[in-house]
$ cat coords-v4.cif   # mmCIF, C-alpha atoms
data_run
loop_
_atom_site.group_PDB
_atom_site.id
_atom_site.type_symbol
_atom_site.label_atom_id
_atom_site.label_comp_id
_atom_site.auth_asym_id
_atom_site.auth_seq_id
_atom_site.Cartn_x
_atom_site.Cartn_y
_atom_site.Cartn_z
ATOM 1 C CA THR D 1 -21.962 -0.599 12.522
ATOM 2 C CA GLU D 2 -21.456 -3.929 14.266
ATOM 3 C CA GLU D 3 -22.234 -5.838 11.082
ATOM 4 C CA ASN D 4 -19.738 -3.784 9.096
ATOM 5 C CA LEU D 5 -17.017 -4.494 11.682
ATOM 6 C CA ASP D 6 -17.811 -8.229 11.548
ATOM 7 C CA GLU D 7 -17.400 -8.164 7.770
ATOM 8 C CA ARG D 8 -14.117 -6.241 8.026
ATOM 9 C CA ALA D 9 -12.879 -8.738 10.654
ATOM 10 C CA LYS D 10 -13.563 -11.517 8.114
ATOM 11 C CA ASP D 11 -11.547 -9.599 5.503
ATOM 12 C CA VAL D 12 -8.620 -9.183 7.918
ATOM 13 C CA GLU D 13 -8.902 -12.873 8.824
ATOM 14 C CA LYS D 14 -8.572 -13.773 5.116
ATOM 15 C CA MET D 15 -5.375 -11.721 4.895
ATOM 16 C CA VAL D 16 -3.951 -13.358 8.020
ATOM 17 C CA LYS D 17 -4.819 -16.821 6.678
ATOM 18 C CA ALA D 18 -2.975 -15.965 3.451
ATOM 19 C CA ALA D 19 0.114 -15.215 5.572
ATOM 20 C CA SER D 20 0.165 -18.783 6.933
ATOM 21 C CA GLU D 21 1.968 -21.676 5.246
ATOM 22 C CA PRO D 22 -0.552 -23.532 3.035
ATOM 23 C CA GLU D 23 0.633 -27.001 4.142
ATOM 24 C CA SER D 24 0.976 -26.555 7.901
ATOM 25 C CA GLY D 25 -1.028 -23.407 8.651
ATOM 26 C CA GLU D 26 2.019 -22.115 10.552
ATOM 27 C CA PHE D 27 3.163 -18.504 10.499
ATOM 28 C CA LEU D 28 6.814 -18.271 9.530
ATOM 29 C CA VAL D 29 8.188 -14.774 10.162
ATOM 30 C CA PRO D 30 9.801 -13.101 8.286
ATOM 31 C CA LEU D 31 7.184 -13.957 5.702
ATOM 32 C CA SER D 32 8.285 -15.417 2.386
ATOM 33 C CA ARG D 33 7.659 -13.479 -0.817
ATOM 34 C CA GLU D 34 4.918 -16.014 -1.686
ATOM 35 C CA ARG D 35 3.047 -15.328 1.537
ATOM 36 C CA VAL D 36 3.317 -11.524 1.150
ATOM 37 C CA ASP D 37 2.064 -11.852 -2.453
ATOM 38 C CA ALA D 38 -0.819 -14.031 -1.225
ATOM 39 C CA MET D 39 -1.765 -11.337 1.322
ATOM 40 C CA ARG D 40 -1.597 -8.707 -1.429
ATOM 41 C CA ASP D 41 -3.856 -10.829 -3.674
ATOM 42 C CA VAL D 42 -6.472 -11.026 -0.896
ATOM 43 C CA LEU D 43 -6.370 -7.271 -0.279
ATOM 44 C CA GLU D 44 -6.543 -6.393 -3.982
ATOM 45 C CA GLY D 45 -9.575 -8.685 -4.299
ATOM 46 C CA LEU D 46 -11.529 -6.730 -1.657
ATOM 47 C CA ASP D 47 -13.926 -3.954 -2.656
ATOM 48 C CA GLU D 48 -12.310 -0.539 -2.467
ATOM 49 C CA GLU D 49 -15.041 0.800 -0.158
ATOM 50 C CA ASP D 50 -14.367 -2.065 2.281
ATOM 51 C CA LEU D 51 -10.807 -0.831 2.848
ATOM 52 C CA ASN D 52 -12.203 1.688 5.285
ATOM 53 C CA GLU D 53 -11.680 2.839 8.864
ATOM 54 C CA GLY D 54 -13.399 -0.328 10.151
ATOM 55 C CA PHE D 55 -10.896 -2.471 8.249
ATOM 56 C CA LEU D 56 -7.935 -0.447 9.560
ATOM 57 C CA SER D 57 -9.158 -0.261 13.153
ATOM 58 C CA THR D 58 -9.655 -4.070 13.105
ATOM 59 C CA ILE D 59 -6.011 -4.557 12.053
ATOM 60 C CA ASP D 60 -4.935 -2.028 14.692
ATOM 61 C CA ALA D 61 -6.941 -3.776 17.434
ATOM 62 C CA TRP D 62 -5.572 -7.212 16.470
ATOM 63 C CA MET D 63 -2.033 -5.805 16.402
ATOM 64 C CA ASN D 64 -2.419 -4.305 19.895
ATOM 65 C CA LYS D 65 -3.835 -7.582 21.228
ATOM 66 C CA ALA D 66 -0.952 -9.550 19.658
ATOM 67 C CA HIS D 67 1.498 -7.089 21.198
ATOM 68 C CA GLN D 68 -0.073 -7.473 24.662
ATOM 69 C CA ASP D 69 0.033 -11.266 24.316
ATOM 70 C CA GLY D 70 3.702 -11.187 23.317
ATOM 71 C CA MET D 71 2.941 -12.567 19.842
ATOM 72 C CA ASP D 72 5.648 -10.668 17.977
ATOM 73 C CA GLY D 73 5.192 -12.708 14.791
ATOM 74 C CA MET D 74 1.531 -11.703 14.564
ATOM 75 C CA VAL D 75 2.437 -8.044 15.194
ATOM 76 C CA THR D 76 4.805 -8.270 12.203
ATOM 77 C CA ILE D 77 2.047 -9.804 10.044
ATOM 78 C CA MET D 78 -0.385 -7.023 11.004
ATOM 79 C CA GLN D 79 2.262 -4.399 10.174
ATOM 80 C CA LYS D 80 2.733 -6.091 6.804
ATOM 81 C CA ALA D 81 -1.043 -5.965 6.235
ATOM 82 C CA LEU D 82 -1.009 -2.189 6.882
ATOM 83 C CA GLN D 83 1.937 -1.713 4.489
ATOM 84 C CA ILE D 84 0.199 -3.685 1.734
ATOM 85 C CA TYR D 85 -2.986 -1.674 2.341
ATOM 86 C CA ALA D 86 -1.103 1.645 2.176
ATOM 87 C CA GLY D 87 0.765 0.819 -1.042
ATOM 88 C CA THR D 88 -2.413 -0.411 -2.746
ATOM 89 C CA ALA D 89 -4.601 2.501 -1.554
ATOM 90 C CA ILE D 90 -2.010 5.124 -2.573
ATOM 91 C CA SER D 91 -1.472 3.519 -5.987
ATOM 92 C CA ARG D 92 -5.235 3.457 -6.631
ATOM 93 C CA ALA D 93 -5.610 7.056 -5.472
ATOM 94 C CA ARG D 94 -2.799 8.175 -7.798
ATOM 95 C CA ILE D 95 -4.576 6.487 -10.720
ATOM 96 C CA HIS D 96 -7.860 8.231 -9.790
ATOM 97 C CA LEU D 97 -6.054 11.538 -9.468
ATOM 98 C CA GLN D 98 -4.290 11.243 -12.822
ATOM 99 C CA ALA D 99 -7.507 10.182 -14.561
ATOM 100 C CA ASN D 100 -9.440 13.115 -13.086
ATOM 101 C CA VAL D 101 -6.725 15.597 -14.023
ATOM 102 C CA GLY D 102 -6.553 14.080 -17.508
ATOM 103 C CA ALA D 103 -10.315 14.355 -17.919
ATOM 104 C CA ALA D 104 -10.324 17.958 -16.716
ATOM 105 C CA LEU D 105 -7.515 18.903 -19.083
ATOM 106 C CA SER D 106 -9.092 17.243 -22.093
ATOM 107 C CA GLY D 107 -12.590 18.440 -21.235
ATOM 108 C CA GLU D 108 -13.854 14.863 -20.999
ATOM 109 C CA ASP D 109 -16.527 13.968 -18.501
ATOM 110 C CA GLN D 110 -16.214 11.966 -15.299
ATOM 111 C CA ALA D 111 -17.445 8.804 -17.043
ATOM 112 C CA ALA D 112 -14.423 8.914 -19.322
ATOM 113 C CA ALA D 113 -12.165 9.378 -16.309
ATOM 114 C CA ASP D 114 -13.819 6.421 -14.581
ATOM 115 C CA ALA D 115 -13.238 4.286 -17.673
ATOM 116 C CA VAL D 116 -9.531 5.053 -17.420
ATOM 117 C CA VAL D 117 -9.562 4.114 -13.739
ATOM 118 C CA ALA D 118 -11.273 0.817 -14.575
ATOM 119 C CA ASP D 119 -8.415 0.045 -16.939
ATOM 120 C CA SER D 120 -5.682 0.663 -14.391
ATOM 121 C CA SER D 121 -3.210 -1.159 -16.599
ATOM 122 C CA SER D 122 -3.290 1.711 -19.075
ATOM 123 C CA GLU D 123 -0.174 3.861 -19.214
ATOM 124 C CA LEU D 124 -1.091 6.650 -16.852
ATOM 125 C CA ASN D 125 2.319 7.275 -15.376
ATOM 126 C CA ASN D 126 4.174 10.233 -16.696
ATOM 127 C CA GLY D 127 7.928 10.075 -16.456
ATOM 128 C CA PRO D 128 10.395 7.580 -15.014
ATOM 129 C CA ALA D 129 10.122 8.905 -11.410
ATOM 130 C CA ALA D 130 6.355 8.248 -11.403
ATOM 131 C CA GLU D 131 6.912 4.781 -12.871
ATOM 132 C CA LEU D 132 9.516 3.941 -10.239
ATOM 133 C CA LEU D 133 7.205 5.146 -7.455
ATOM 134 C CA GLU D 134 4.388 2.969 -8.830
ATOM 135 C CA ARG D 135 6.748 -0.012 -8.756
ATOM 136 C CA LEU D 136 7.734 0.749 -5.146
ATOM 137 C CA LEU D 137 4.065 0.968 -4.100
ATOM 138 C CA ARG D 138 3.514 -2.550 -5.425
ATOM 139 C CA VAL D 139 6.505 -4.351 -3.947
ATOM 140 C CA ASP D 140 7.148 -5.561 -0.428
ATOM 141 C CA THR D 141 8.722 -2.835 1.716
ATOM 142 C CA ASP D 142 11.570 -5.299 2.444
ATOM 143 C CA ASP D 143 12.506 -4.987 -1.245
ATOM 144 C CA TRP D 144 12.452 -1.168 -1.289
ATOM 145 C CA ASP D 145 16.205 -0.640 -0.869
ATOM 146 C CA ALA D 146 17.081 -2.972 -3.743
ATOM 147 C CA GLU D 147 14.371 -1.497 -6.010
ATOM 148 C CA ILE D 148 15.395 2.102 -5.212
ATOM 149 C CA ARG D 149 19.076 1.307 -5.902
ATOM 150 C CA LYS D 150 18.100 -0.348 -9.180
ATOM 151 C CA GLY D 151 15.875 2.584 -10.176
ATOM 152 C CA VAL D 152 18.329 5.349 -9.356
ATOM 153 C CA SER D 153 21.460 3.554 -10.540
ATOM 154 C CA ASP D 154 23.250 4.622 -13.703
ATOM 155 C CA GLY D 155 22.597 1.211 -15.193
ATOM 156 C CA ALA D 156 18.857 1.824 -15.313
ATOM 157 C CA GLU D 157 17.374 2.568 -18.709
ATOM 158 C CA ASP D 158 15.612 5.718 -17.510
ATOM 159 C CA VAL D 159 17.802 7.069 -14.753
ATOM 160 C CA VAL D 160 15.787 8.629 -11.932
ATOM 161 C CA THR D 161 17.564 10.941 -9.512
ATOM 162 C CA LYS D 162 16.871 10.606 -5.798
ATOM 163 C CA ASP D 163 15.595 14.213 -5.811
ATOM 164 C CA ALA D 164 13.106 13.482 -8.598
ATOM 165 C CA LEU D 165 11.834 10.398 -6.751
ATOM 166 C CA VAL D 166 11.465 12.287 -3.447
ATOM 167 C CA LYS D 167 9.593 15.081 -5.304
ATOM 168 C CA GLU D 168 7.229 12.475 -6.788
ATOM 169 C CA VAL D 169 6.536 11.090 -3.299
ATOM 170 C CA GLN D 170 5.933 14.622 -1.979
ATOM 171 C CA ARG D 171 3.531 15.337 -4.850
ATOM 172 C CA THR D 172 1.679 12.163 -3.907
ATOM 173 C CA MET D 173 1.604 13.313 -0.261
ATOM 174 C CA GLU D 174 -0.002 16.586 -1.329
ATOM 175 C CA GLY D 175 -2.400 15.075 -3.853
ATOM 176 C CA VAL D 176 -3.463 11.933 -2.002
ATOM 177 C CA ILE D 177 -2.788 12.206 1.741
ATOM 178 C CA LEU D 178 -4.061 15.753 2.178
ATOM 179 C CA GLY D 179 -7.287 14.720 0.441
ATOM 180 C CA LEU D 180 -8.045 12.099 3.111
ATOM 181 C CA GLU D 181 -10.153 12.820 6.160
ATOM 182 C CA ASN D 182 -8.022 14.684 8.668
ATOM 183 C CA GLY D 183 -7.002 12.554 11.632
ATOM 184 C CA SER D 184 -8.357 9.365 10.053
ATOM 185 C CA MET D 185 -6.459 6.088 10.315
ATOM 186 C CA ALA D 186 -6.282 5.974 6.514
ATOM 187 C CA GLN D 187 -4.441 9.294 6.521
ATOM 188 C CA ARG D 188 -2.109 8.269 9.348
ATOM 189 C CA VAL D 189 -1.201 4.866 7.881
ATOM 190 C CA GLN D 190 -0.650 6.163 4.338
ATOM 191 C CA ALA D 191 1.341 9.208 5.522
ATOM 192 C CA GLU D 192 3.599 7.016 7.696
ATOM 193 C CA TYR D 193 4.168 4.686 4.751
ATOM 194 C CA LEU D 194 5.245 7.528 2.428
ATOM 195 C CA ARG D 195 7.408 9.135 5.127
ATOM 196 C CA GLU D 196 9.219 5.824 5.597
ATOM 197 C CA LEU D 197 9.699 5.609 1.824
ATOM 198 C CA VAL D 198 11.293 9.086 1.747
ATOM 199 C CA THR D 199 13.624 8.062 4.603
ATOM 200 C CA ARG D 200 14.672 4.951 2.640
ATOM 201 C CA ILE D 201 15.267 6.935 -0.576
ATOM 202 C CA GLU D 202 17.382 9.522 1.221
ATOM 203 C CA ALA D 203 19.404 6.790 2.965
ATOM 204 C CA ILE D 204 20.477 5.200 -0.354
#
$ encode --input "coords-v4.cif" --output "structure tokens"
Amino acid sequence: TEENLDERAKDVEKMVKAASEPESGEFLVPLSRERVDAMRDVLEGLDEEDLNEGFLSTIDAWMNKAHQDGMDGMVTIMQKALQIYAGTAISRARIHLQANVGAALSGEDQAAADAVVADSSSELNNGPAAELLERLLRVDTDDWDAEIRKGVSDGAEDVVTKDALVKEVQRTMEGVILGLENGSMAQRVQAEYLRELVTRIEAI
């Protein structure tokens, strides 16, 4: 609805504002870590159900407009917003998935699974590859190469092989992306994000 789109536009506006320098209101691209973290804080503060197709199509429309107007810096900021959205949405979906599987295996009911989801800080990850993937979903994509190298290097406490990490991403593709509405923007954005991650892992 029109009202829903207006609300989503306000949410996108909040993210864009967080990308600007607090003192001057200027947009300095590439964005500093502080500005990317501020954008992430805004997105994580939004209700999960508001991160919907309206939210994504608003970002997409603003990005196209910025592109037409030759505002490359704003295009970059909108791309960053989509990356932050994808990482956050995939991480949340993985937590939901693991909680539901855990509840099914232990014979607990959905309420118990939801309680686990509510406490997303609880140790749900199983194995170092899953933990490394969770870390990658929560950092800026500009830091991926360094984080992957650190995670798969021999110096790491729990050494993760590139193969194990790629398999974990593929499992997430199957469990999360295939569960999204076919052809939806959510599916497209999240799939692109994970495909890019696989490309980066394989390039290390």
$ atom_distance --input "coords-v4.cif" --atom1 "CA of Gly87 (chain D)" --atom2 "CA of Leu133 (chain D)"
10.1 Å
$ resolve_selection --input "coords-v4.cif" --expression "the PyMOL selection byres ((chain D and resi 19) around 10)" --output "ChimeraX atom specification"
/D:13-18,20-22,25-29,31-32,34-40,74,77-78,80-81
$ atom_distance --input "coords-v4.cif" --atom1 "CA of Ser184 (chain D)" --atom2 "CA of Glu196 (chain D)"
18.5 Å
$ residues_around --input "coords-v4.cif" --residues "Arg94 (chain D)" --least-positions-apart "3" --cutoff "9 Å" --atoms "all atoms listed in the file" --output "list in words"
Ala89, Ile90, Ser91, Leu97, Gln98, Ala99, Glu134, Thr172, Gly175 and Val176 of chain D
$ resolve_selection --input "coords-v4.cif" --expression "the PyMOL selection byres ((chain D and resi 163) around 12)" --output "compact mmCIF listing (two decimals) with C-alpha atoms, keeping the file's coordinate frame"
# COMPACT_ATOMS: atom_id res chain seq x y z
CA ALA D 129 10.12 8.90 -11.41
CA VAL D 152 18.33 5.35 -9.36
CA VAL D 159 17.80 7.07 -14.75
CA VAL D 160 15.79 8.63 -11.93
CA THR D 161 17.56 10.94 -9.51
CA LYS D 162 16.87 10.61 -5.80
CA ALA D 164 13.11 13.48 -8.60
CA LEU D 165 11.83 10.40 -6.75
CA VAL D 166 11.46 12.29 -3.45
CA LYS D 167 9.59 15.08 -5.30
CA GLU D 168 7.23 12.48 -6.79
CA VAL D 169 6.54 11.09 -3.30
CA GLN D 170 5.93 14.62 -1.98
CA VAL D 198 11.29 9.09 1.75
CA ILE D 201 15.27 6.94 -0.58
CA GLU D 202 17.38 9.52 1.22
CA ILE D 204 20.48 5.20 -0.35
$ resolve_selection --input "coords-v4.cif" --expression "the PyMOL selection byres ((chain D and resi 11) around 9)" --output "ChimeraX atom specification"
/D:6-10,12-16,42-43,46,50,55
$ closest_residue --input "coords-v4.cif" --among "D:Ala203, D:His67, D:Gly54, D:Gly73" --to "Asp145 (chain D)" --atoms "all atoms listed in the file"
D:Ala203
$ atom_distance --input "coords-v4.cif" --atom1 "CA of Trp144 (chain D)" --atom2 "CA of Asp47 (chain D)"
26.6 Å
$ closest_residue --input "coords-v4.cif" --among "D:Val139, D:Leu178, D:Ile95, D:Leu5" --to "Ile59 (chain D)" --atoms "all atoms listed in the file"
D:Leu5
$ build_atoms --input "coords-v4.cif" --residues "region 162-187 of chain D" --atoms "N, CA, C and O atoms" --output "CSV table (one decimal), in the coordinates of the input"
chain,number,residue,atom,x,y,z
D,162,LYS,N,17.5,10.7,-7.1
D,162,LYS,CA,16.9,10.6,-5.8
D,162,LYS,C,15.9,11.8,-5.6
D,162,LYS,O,14.8,11.7,-5.1
D,163,ASP,N,16.4,13.0,-6.0
D,163,ASP,CA,15.6,14.2,-5.8
D,163,ASP,C,14.3,14.1,-6.5
D,163,ASP,O,13.2,14.5,-6.0
D,164,ALA,N,14.3,13.6,-7.8
D,164,ALA,CA,13.1,13.5,-8.6
D,164,ALA,C,12.1,12.5,-8.0
D,164,ALA,O,10.9,12.7,-7.9
D,165,LEU,N,12.7,11.4,-7.4
D,165,LEU,CA,11.8,10.4,-6.8
D,165,LEU,C,11.2,11.0,-5.5
D,165,LEU,O,10.0,10.8,-5.2
D,166,VAL,N,12.0,11.7,-4.7
D,166,VAL,CA,11.5,12.3,-3.4
D,166,VAL,C,10.4,13.3,-3.8
D,166,VAL,O,9.3,13.3,-3.1
D,167,LYS,N,10.6,14.1,-4.9
D,167,LYS,CA,9.6,15.1,-5.3
D,167,LYS,C,8.3,14.4,-5.7
D,167,LYS,O,7.2,14.9,-5.4
D,168,GLU,N,8.4,13.2,-6.4
D,168,GLU,CA,7.2,12.5,-6.8
D,168,GLU,C,6.5,12.0,-5.6
D,168,GLU,O,5.2,12.0,-5.5
D,169,VAL,N,7.2,11.5,-4.5
D,169,VAL,CA,6.5,11.1,-3.3
D,169,VAL,C,5.8,12.3,-2.6
D,169,VAL,O,4.7,12.2,-2.2
D,170,GLN,N,6.5,13.4,-2.6
D,170,GLN,CA,5.9,14.6,-2.0
D,170,GLN,C,4.7,15.1,-2.7
D,170,GLN,O,3.7,15.5,-2.1
D,171,ARG,N,4.7,15.0,-4.1
D,171,ARG,CA,3.5,15.3,-4.8
D,171,ARG,C,2.4,14.4,-4.5
D,171,ARG,O,1.2,14.8,-4.4
D,172,THR,N,2.7,13.1,-4.3
D,172,THR,CA,1.7,12.2,-3.9
D,172,THR,C,1.1,12.5,-2.5
D,172,THR,O,-0.1,12.4,-2.3
D,173,MET,N,2.0,12.9,-1.6
D,173,MET,CA,1.6,13.3,-0.3
D,173,MET,C,0.6,14.4,-0.4
D,173,MET,O,-0.5,14.4,0.3
D,174,GLU,N,0.9,15.4,-1.2
D,174,GLU,CA,0.0,16.6,-1.3
D,174,GLU,C,-1.3,16.2,-2.0
D,174,GLU,O,-2.4,16.6,-1.6
D,175,GLY,N,-1.2,15.4,-3.1
D,175,GLY,CA,-2.4,15.1,-3.9
D,175,GLY,C,-3.3,14.0,-3.2
D,175,GLY,O,-4.5,14.1,-3.4
D,176,VAL,N,-2.7,13.1,-2.5
D,176,VAL,CA,-3.5,11.9,-2.0
D,176,VAL,C,-3.7,12.1,-0.5
D,176,VAL,O,-4.9,12.1,-0.1
D,177,ILE,N,-2.7,12.2,0.3
D,177,ILE,CA,-2.8,12.2,1.7
D,177,ILE,C,-3.6,13.4,2.3
D,177,ILE,O,-4.4,13.2,3.1
D,178,LEU,N,-3.3,14.6,1.7
D,178,LEU,CA,-4.1,15.8,2.2
D,178,LEU,C,-5.5,15.7,1.8
D,178,LEU,O,-6.4,16.4,2.4
D,179,GLY,N,-5.9,14.9,0.8
D,179,GLY,CA,-7.3,14.7,0.4
D,179,GLY,C,-8.1,13.8,1.3
D,179,GLY,O,-9.3,13.7,1.2
D,180,LEU,N,-7.4,13.0,2.2
D,180,LEU,CA,-8.0,12.1,3.1
D,180,LEU,C,-8.6,12.8,4.3
D,180,LEU,O,-8.1,13.9,4.7
D,181,GLU,N,-9.5,12.2,5.0
D,181,GLU,CA,-10.2,12.8,6.2
D,181,GLU,C,-9.1,13.1,7.2
D,181,GLU,O,-8.3,12.2,7.6
D,182,ASN,N,-9.0,14.3,7.7
D,182,ASN,CA,-8.0,14.7,8.7
D,182,ASN,C,-8.1,13.9,9.9
D,182,ASN,O,-9.2,13.7,10.5
D,183,GLY,N,-7.0,13.3,10.4
D,183,GLY,CA,-7.0,12.6,11.6
D,183,GLY,C,-7.5,11.1,11.5
D,183,GLY,O,-7.5,10.4,12.5
D,184,SER,N,-7.9,10.7,10.3
D,184,SER,CA,-8.4,9.4,10.1
D,184,SER,C,-7.2,8.4,10.1
D,184,SER,O,-6.0,8.7,9.9
D,185,MET,N,-7.5,7.1,10.3
D,185,MET,CA,-6.5,6.1,10.3
D,185,MET,C,-5.9,5.9,8.9
D,185,MET,O,-4.7,5.7,8.7
D,186,ALA,N,-6.7,6.1,7.9
D,186,ALA,CA,-6.3,6.0,6.5
D,186,ALA,C,-5.2,7.0,6.3
D,186,ALA,O,-4.1,6.7,5.7
D,187,GLN,N,-5.4,8.2,6.7
D,187,GLN,CA,-4.4,9.3,6.5
D,187,GLN,C,-3.1,9.0,7.3
D,187,GLN,O,-2.0,9.1,6.7
